[in-house]
Amino acid sequence: MSTVDIPELADLIASCLSHHDLTVCIRVNKAWNTAFVTHLWRTVPTPAPLTHPSRCDPLHLAIRSDFLATQRQKEHLQEREYSSSFLTTYGPCIRHLTMFQLHLKVNSAALSESSFSSSQSTAAANVAANIDPCLPSAPEPTEQQLLLHLLKHCPNLQSLNLLQWSGTDEDLDFWRTIARDVIPSLVHLSVSFYDRGPYSQNHYTGPMTVSIPPILIGKCSSKLQTLNISFPTIALKETTAAEADANEAMEDVTRKDALGDDATEEEKEKKDKKEKDELAANEETLVSLKLLSTDMTENSDSSYFKLLLRRCPNLETLHVGTIDQCWAQELAECNKLKELHVSDNTGPSLRLLADALRTSLPNVDALRIDYGDHFHEDFITDTDVASVLSAGRKGWRTLSLPNLETASAEVLVQHTATLESLEVMYTPGLTSAQMFQILSLSPRLHTFITLAEGECVDPRVSHMLAEDFVDLNHTTNTVRPWPCESTLKQFRVKILGIPRPDVIQTYYGHTRGEPEEGNEEENVEVLQETYPGQGRELQAHVYERLSRFTRLKVLGLGHDDRDFGMECNFVETMSGEWVLGDRDYQYDCLEMSLESGLQKLETLKDLKELDVFRMATCVGVEEVQWMTKAWPKLARLSGLNVEGNEVDAETWLGENCPEIQSNPCIFWM
């Protein structure tokens, strides 16, 4: 008897393996296949993105084949029921299922082109192969029919994630079936809708925000732990005067049929109240629900979600689109709430949020707020953000903010004792001294990000001075220990203030210290050494400080702040070429060369990402060779200057370490 013959041990081993590892295990021999194939099918992962709308995912073709085989057998061989070797065998194994509607949309051209490549798809290939070609063809199934067919064979499903599905009037029966037959047994439910059809430019105009959420939520059971319903921005359908009159007449007829012609207003109100009471009585208290997420938009009816909070006495995490007066009132029911994410804020909404934090949310210590596009009267001020941060009663543990200005930064540094994660997109008010205060006094800090990621990044990003970052003990000439050295895992900060006498030209070939053509009045200063070798000495101390973050996984010292959409950002080079200006390009920074002390970072054995975008670095072949050996987990290197002195390093990396993703810095992105 082998280890895998003992079910308990096989389960324990399988729980430690990735999906890829399981596909390898089932190919070892029959015993291993029997032991691990059910674990492979427990999770149906998100399919790979389709490269073209005419392509089909092989696994979903197998579902279609199974559906058609079932239909044909029912129609032409009714004396015996069709038994699927695919879904009947593996459906009961599925615990976690993710489905895009687009991936279930079968294109006829793809039926003959697709092949079963993955292990799960290969296991289902026989379903398609065993269909009798002599049987008449059945009508092509819809995506909804295919999903329901699959779900019917998944009695043990615990987690359902439906991505970008339609929610029109025509889909109501489909969602009612999902609610009745599937949702009551789920532990995790996530549904996202799309506002445009796949590969279509037409806005969705259906009534899903009115009809579908109550249908789904009304059938959730007390075992549900997470619920996510994501909505698009609804393009409201324009109604003509004639359509409005017809709708009003229909409502009158419906009302009379339900209440009678002689019903008084009081009787109507009593009937409405009775119906609401009956609905509430039929809905279970969601005692297990810990996470609720709905990014309701300004055109969406969120009243049902607000009432839903009353059914969630143990809710810990909440994500909403915005905060209005009704949301603020219902939040009073969430005494156990710990994490709050508000994705579309205005000035008034932040003021309501601050009041709610002060009065009714004593346990919230994790906050993420994002800004939407609003009119000037709704603009968010630094005072609004500072008011929210001041309202936290427990001490902030996790903060994700769009910006930090002077007042809000002053409030932030009062939470160093509890702070574990800080992510800020723009930091115009966060000083170097305040960064030092956070890093040197936060014993639990694992994430410290003050550099925005992505395209067209606003350059209003403050930086940390090298001397503040080093925090040198001049008596021993060593850096002082910080409490976050054993906890920090992500660090993205500009570190400047290092004299670099070796850098005499700008990124585009201009002499440093001389104004660029067209900006002659601009005062350009170059940081000079106060004594020979000061720059290299300071770099050595910076490397020493970084080397103490032994659990670091992400090190971001640079980022791409260029905005290609603004014509005023372009300057003319010496060769007459128009390129983006080098505003906020880092010159007084680390060289990242072995000669400057890079080898001190050999302690960062967990490092996976390094970003040196738009920095005056000196990374050569020798440096990248050292990085690949010293950092065995390195998976991404961003910012090598392939237009200048680092092209050889980029070439070597691509030829010898193709598994390491490289994102070089070039004139044009």
# chains A, B, ... in the order shown; residues from 1 in each chain; ligands from 1
>>> residues_around(residues="range 550-554 of chain A", least_positions_apart="6", cutoff="7 Å", atoms="only C-alpha atoms", output="PyMOL selection string")
chain A and resi 486-491+603-604+606-610
>>> residues_around(residues="Val624 in chain A", least_positions_apart="6", cutoff="9 Å", atoms="only C-alpha atoms", output="PyMOL selection string")
chain A and resi 649-650+652-653
>>> closest_residue(among="A:Asn345, A:Leu309, A:Ser390, A:Lys152", to="Glu333 in chain A", atoms="only C-alpha atoms")
A:Leu309
>>> residues_around(residues="range 654-660 of chain A", least_positions_apart="4", cutoff="7 Å", atoms="only C-alpha atoms", output="NGL selection string")
:A and (634-636 or 650)
>>> write_last_selection(atoms="N, CA, C and O atoms", output="short mmCIF file (atom, residue, chain, number, x, y, z; two decimals), in the first residue's frame")
data_model
loop_
_atom_site.label_atom_id
_atom_site.label_comp_id
_atom_site.auth_asym_id
_atom_site.auth_seq_id
_atom_site.Cartn_x
_atom_site.Cartn_y
_atom_site.Cartn_z
N LEU A 634 13.41 36.12 -8.18
CA LEU A 634 13.15 37.29 -9.02
C LEU A 634 12.32 36.91 -10.24
O LEU A 634 12.69 36.00 -11.00
N ALA A 635 11.19 37.58 -10.42
CA ALA A 635 10.28 37.26 -11.53
C ALA A 635 10.03 38.45 -12.44
O ALA A 635 9.55 38.28 -13.57
N ARG A 636 10.36 39.68 -11.98
CA ARG A 636 10.07 40.86 -12.80
C ARG A 636 11.11 41.94 -12.52
O ARG A 636 11.40 42.24 -11.36
N GLU A 650 19.72 44.23 -20.65
CA GLU A 650 18.40 43.78 -21.09
C GLU A 650 18.52 42.61 -22.06
O GLU A 650 17.76 41.63 -21.98
#
>>> residues_around(residues="Leu224 in chain A", least_positions_apart="3", cutoff="10 Å", atoms="only C-alpha atoms", output="PDB file with N, CA and C atoms, in the first residue's frame")
ATOM      1  N   GLN A 158     -19.747  24.810  -3.723  1.00  0.00           N
ATOM      2  CA  GLN A 158     -19.693  25.717  -2.578  1.00  0.00           C
ATOM      3  C   GLN A 158     -19.434  27.163  -2.982  1.00  0.00           C
ATOM      4  N   SER A 159     -18.698  27.350  -4.092  1.00  0.00           N
ATOM      5  CA  SER A 159     -18.312  28.701  -4.510  1.00  0.00           C
ATOM      6  C   SER A 159     -18.630  28.889  -5.983  1.00  0.00           C
ATOM      7  N   ILE A 183     -28.184  28.821  -5.308  1.00  0.00           N
ATOM      8  CA  ILE A 183     -27.720  29.757  -4.283  1.00  0.00           C
ATOM      9  C   ILE A 183     -27.922  29.260  -2.854  1.00  0.00           C
ATOM     10  N   PRO A 184     -29.028  28.572  -2.521  1.00  0.00           N
ATOM     11  CA  PRO A 184     -29.211  28.168  -1.119  1.00  0.00           C
ATOM     12  C   PRO A 184     -28.091  27.305  -0.553  1.00  0.00           C
ATOM     13  N   SER A 185     -27.354  26.600  -1.380  1.00  0.00           N
ATOM     14  CA  SER A 185     -26.297  25.717  -0.878  1.00  0.00           C
ATOM     15  C   SER A 185     -24.909  26.353  -0.926  1.00  0.00           C
ATOM     16  N   LEU A 186     -24.798  27.577  -1.426  1.00  0.00           N
ATOM     17  CA  LEU A 186     -23.487  28.194  -1.629  1.00  0.00           C
ATOM     18  C   LEU A 186     -22.922  28.788  -0.336  1.00  0.00           C
ATOM     19  N   VAL A 187     -21.588  28.778  -0.274  1.00  0.00           N
ATOM     20  CA  VAL A 187     -20.862  29.442   0.794  1.00  0.00           C
ATOM     21  C   VAL A 187     -20.276  30.758   0.289  1.00  0.00           C
ATOM     22  N   HIS A 188     -19.931  30.796  -1.017  1.00  0.00           N
ATOM     23  CA  HIS A 188     -19.384  32.004  -1.626  1.00  0.00           C
ATOM     24  C   HIS A 188     -20.109  32.260  -2.947  1.00  0.00           C
ATOM     25  N   LEU A 189     -20.569  33.491  -3.143  1.00  0.00           N
ATOM     26  CA  LEU A 189     -21.274  33.863  -4.375  1.00  0.00           C
ATOM     27  C   LEU A 189     -20.746  35.193  -4.885  1.00  0.00           C
ATOM     28  N   CYS A 220     -30.350  33.530  -0.492  1.00  0.00           N
ATOM     29  CA  CYS A 220     -29.107  33.245   0.221  1.00  0.00           C
ATOM     30  C   CYS A 220     -29.416  32.635   1.579  1.00  0.00           C
ATOM     31  N   SER A 221     -28.642  31.639   1.955  1.00  0.00           N
ATOM     32  CA  SER A 221     -28.883  30.952   3.220  1.00  0.00           C
ATOM     33  C   SER A 221     -27.917  31.427   4.290  1.00  0.00           C
ATOM     34  N   LEU A 227     -20.446  37.552  -0.337  1.00  0.00           N
ATOM     35  CA  LEU A 227     -21.400  37.901  -1.388  1.00  0.00           C
ATOM     36  C   LEU A 227     -20.888  39.120  -2.132  1.00  0.00           C
ATOM     37  N   LEU A 286     -28.384  36.273   7.756  1.00  0.00           N
ATOM     38  CA  LEU A 286     -27.130  35.764   7.197  1.00  0.00           C
ATOM     39  C   LEU A 286     -26.039  35.840   8.266  1.00  0.00           C
ATOM     40  N   VAL A 287     -26.114  34.927   9.209  1.00  0.00           N
ATOM     41  CA  VAL A 287     -25.223  34.985  10.369  1.00  0.00           C
ATOM     42  C   VAL A 287     -23.778  34.682  10.012  1.00  0.00           C
ATOM     43  N   SER A 288     -23.549  33.976   8.898  1.00  0.00           N
ATOM     44  CA  SER A 288     -22.178  33.615   8.517  1.00  0.00           C
ATOM     45  C   SER A 288     -21.555  34.616   7.554  1.00  0.00           C
ATOM     46  N   LEU A 289     -22.337  35.547   7.041  1.00  0.00           N
ATOM     47  CA  LEU A 289     -21.817  36.471   6.027  1.00  0.00           C
ATOM     48  C   LEU A 289     -20.793  37.412   6.645  1.00  0.00           C
ATOM     49  N   LYS A 290     -19.564  37.346   6.132  1.00  0.00           N
ATOM     50  CA  LYS A 290     -18.477  38.187   6.618  1.00  0.00           C
ATOM     51  C   LYS A 290     -18.107  39.287   5.630  1.00  0.00           C
ATOM     52  N   LEU A 291     -18.354  39.038   4.335  1.00  0.00           N
ATOM     53  CA  LEU A 291     -17.946  40.006   3.308  1.00  0.00           C
ATOM     54  C   LEU A 291     -19.099  40.280   2.364  1.00  0.00           C
TER      55      LEU A 291
END
>>> residues_around(residues="Gln539 in chain A", least_positions_apart="6", cutoff="10 Å", atoms="only C-alpha atoms", output="VMD selection string")
chain A and resid 466 to 467 470 498 to 500 545 589 to 592 596 to 598
>>> atom_distance(atom1="CA of Leu352 in chain A", atom2="CA of Ile323 in chain A")
7.0 Å
